[in-house]
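Visitor: This is the structure I want to talk about, given as structure tokens.
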Amino acid sequence: MTEGQQGKYAVSVTLESVQGGERNVVQSAGEAIMKGQFLYIRYEETQPGPQGGEVSVRNTLKISDRGIKLIRHGGVQSEQSFEPGQRLPGFYRSPYTQFNLITDTRKLDIIRAGRKLAVTWEYDLYVYDELSGQFAISLNIQEEPQS
């Protein structure tokens, strides 16, 4: 993320997650903020709450040339980091449970063209040192036109 474009701009975010043949897609408006060598993407999503209804979760992706960190706040709190060939610690907390995570990233590709960004990564998720799932994620960020 060495490009010199600093500042904040509106983006559309599309995040697709595949685990065990099940596909989940999140589309949201967000904002991108370039600070030094890091690109931060912020967006909100709603997801089913532990007692029914929906809860709002604020997501921040911190993207560098080496990897990604996903930070979530709101109805749940979690942190996950992804760097190819690395097993990195994280956590998940909700009002009803909490546990430590480890991500083992097998593949990470970051393609940036101006204010467009495409990121794909694959990882194994471990909870309490037990394999919990294998994930394939694709993230597409596109600048929203100013109105």
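In the structure tokens, each chain is lettered A, B, ... as it comes, each chain's residues begin at 1, and ligands are numbered from 1 in order of appearance.
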Please build the interface table for region 93-136 of chain A against region 39-62 of chain A with a cut-off of 10 Å, listing for each qualifying residue the nearest atom pair and the distance in Å to one decimal; count only C-alpha atoms, order rows by chain and increasing number, and write it as CSV.
Guide:
residue,atom,partner,partner_atom,distance
A:Ser94,CA,A:Pro50,CA,8.5
A:Pro95,CA,A:Pro50,CA,8.5
A:Tyr96,CA,A:Pro50,CA,7.7
A:Thr97,CA,A:Pro50,CA,9.9
Visitor: Could you dump the residues just selected with all heavy atoms as a PDB file, in the first residue's frame?
Guide:
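Okay, this is what ended up in part.pdb:
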ATOM      1  N   SER A  94     -18.881 -12.342  22.292  1.00  0.00           N
ATOM      2  CA  SER A  94     -20.254 -11.865  22.223  1.00  0.00           C
ATOM      3  C   SER A  94     -20.755 -11.831  23.659  1.00  0.00           C
ATOM      4  O   SER A  94     -20.053 -12.291  24.563  1.00  0.00           O
ATOM      5  CB  SER A  94     -21.117 -12.795  21.362  1.00  0.00           C
ATOM      6  OG  SER A  94     -21.470 -13.958  22.085  1.00  0.00           O
ATOM      7  N   PRO A  95     -21.962 -11.320  23.889  1.00  0.00           N
ATOM      8  CA  PRO A  95     -22.461 -11.309  25.274  1.00  0.00           C
ATOM      9  C   PRO A  95     -22.603 -12.724  25.867  1.00  0.00           C
ATOM     10  O   PRO A  95     -22.700 -12.876  27.062  1.00  0.00           O
ATOM     11  CB  PRO A  95     -23.833 -10.642  25.156  1.00  0.00           C
ATOM     12  CG  PRO A  95     -23.751  -9.810  23.917  1.00  0.00           C
ATOM     13  CD  PRO A  95     -22.842 -10.572  22.997  1.00  0.00           C
ATOM     14  N   TYR A  96     -22.587 -13.759  24.996  1.00  0.00           N
ATOM     15  CA  TYR A  96     -22.880 -15.111  25.477  1.00  0.00           C
ATOM     16  C   TYR A  96     -21.708 -16.075  25.412  1.00  0.00           C
ATOM     17  O   TYR A  96     -21.773 -17.163  25.974  1.00  0.00           O
ATOM     18  CB  TYR A  96     -24.067 -15.677  24.681  1.00  0.00           C
ATOM     19  CG  TYR A  96     -25.240 -14.754  24.787  1.00  0.00           C
ATOM     20  CD1 TYR A  96     -25.525 -13.850  23.770  1.00  0.00           C
ATOM     21  CD2 TYR A  96     -26.033 -14.740  25.923  1.00  0.00           C
ATOM     22  CE1 TYR A  96     -26.588 -12.962  23.880  1.00  0.00           C
ATOM     23  CE2 TYR A  96     -27.091 -13.850  26.042  1.00  0.00           C
ATOM     24  CZ  TYR A  96     -27.365 -12.972  25.020  1.00  0.00           C
ATOM     25  OH  TYR A  96     -28.404 -12.094  25.143  1.00  0.00           O
ATOM     26  N   THR A  97     -20.640 -15.709  24.710  1.00  0.00           N
ATOM     27  CA  THR A  97     -19.497 -16.611  24.605  1.00  0.00           C
ATOM     28  C   THR A  97     -18.249 -15.826  24.232  1.00  0.00           C
ATOM     29  O   THR A  97     -18.338 -14.697  23.750  1.00  0.00           O
ATOM     30  CB  THR A  97     -19.758 -17.715  23.548  1.00  0.00           C
ATOM     31  OG1 THR A  97     -18.704 -18.675  23.600  1.00  0.00           O
ATOM     32  CG2 THR A  97     -19.846 -17.140  22.148  1.00  0.00           C
TER      33      THR A  97
END
Visitor: Mind running region 8-119 of chain A against region 130-134 of chain A at 9 Å and telling me each contacting residue's nearest atom pair with the distance in Å (one decimal), counting only C-alpha atoms, chain and number ascending, as JSON lines?
Guide:
{"residue": "A:Val18", "atom": "CA", "partner": "A:Gln134", "partner_atom": "CA", "distance": 8.4}
{"residue": "A:Gln19", "atom": "CA", "partner": "A:Gln134", "partner_atom": "CA", "distance": 6.0}
{"residue": "A:Gly20", "atom": "CA", "partner": "A:Gln134", "partner_atom": "CA", "distance": 7.2}
Visitor: Could those selected residues go to a file with N, CA and C atoms, as a PDB file, in the first residue's frame?
Guide:
ATOM      1  N   VAL A  18     -16.967 -18.192   1.600  1.00  0.00           N
ATOM      2  CA  VAL A  18     -17.409 -19.552   1.298  1.00  0.00           C
ATOM      3  C   VAL A  18     -16.773 -20.487   2.316  1.00  0.00           C
ATOM      4  N   GLN A  19     -17.641 -21.281   2.968  1.00  0.00           N
ATOM      5  CA  GLN A  19     -17.170 -22.290   3.908  1.00  0.00           C
ATOM      6  C   GLN A  19     -18.024 -23.534   3.725  1.00  0.00           C
ATOM      7  N   GLY A  20     -17.357 -24.659   3.449  1.00  0.00           N
ATOM      8  CA  GLY A  20     -18.067 -25.918   3.308  1.00  0.00           C
ATOM      9  C   GLY A  20     -19.202 -25.869   2.302  1.00  0.00           C
TER      10      GLY A  20
END
Visitor: Can you pull out every residue within 9 Å of Gln146 (chain A), counting only C-alpha atoms, but drop anything in the same chain fewer than 2 positions away, and send it as a PyMOL selection string?
Guide: chain A and resi 9-10+143-144
Visitor: Under the rule of at most 12 Å, produce a per-residue listing of region 65-138 of chain A near region 28-36 of chain A: chain, number, name, the closest pair of atoms, and the distance in Å, as a tab-separated table, using only C-alpha atoms.
Guide:
residue	atom	partner	partner_atom	distance
A:Asp65	CA	A:Gly36	CA	11.9
A:Gly114	CA	A:Met34	CA	11.8
A:Arg115	CA	A:Ala32	CA	8.9
A:Lys116	CA	A:Ala32	CA	10.4
A:Leu117	CA	A:Ala32	CA	10.5
Visitor: Counting only C-alpha atoms, figure out which residue out of A:Arg106, A:Arg72, A:Arg23, A:Arg87 gets nearest to Thr120 (chain A).
Guide: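 Under the stated criterion, the closest residue is A:Arg106.
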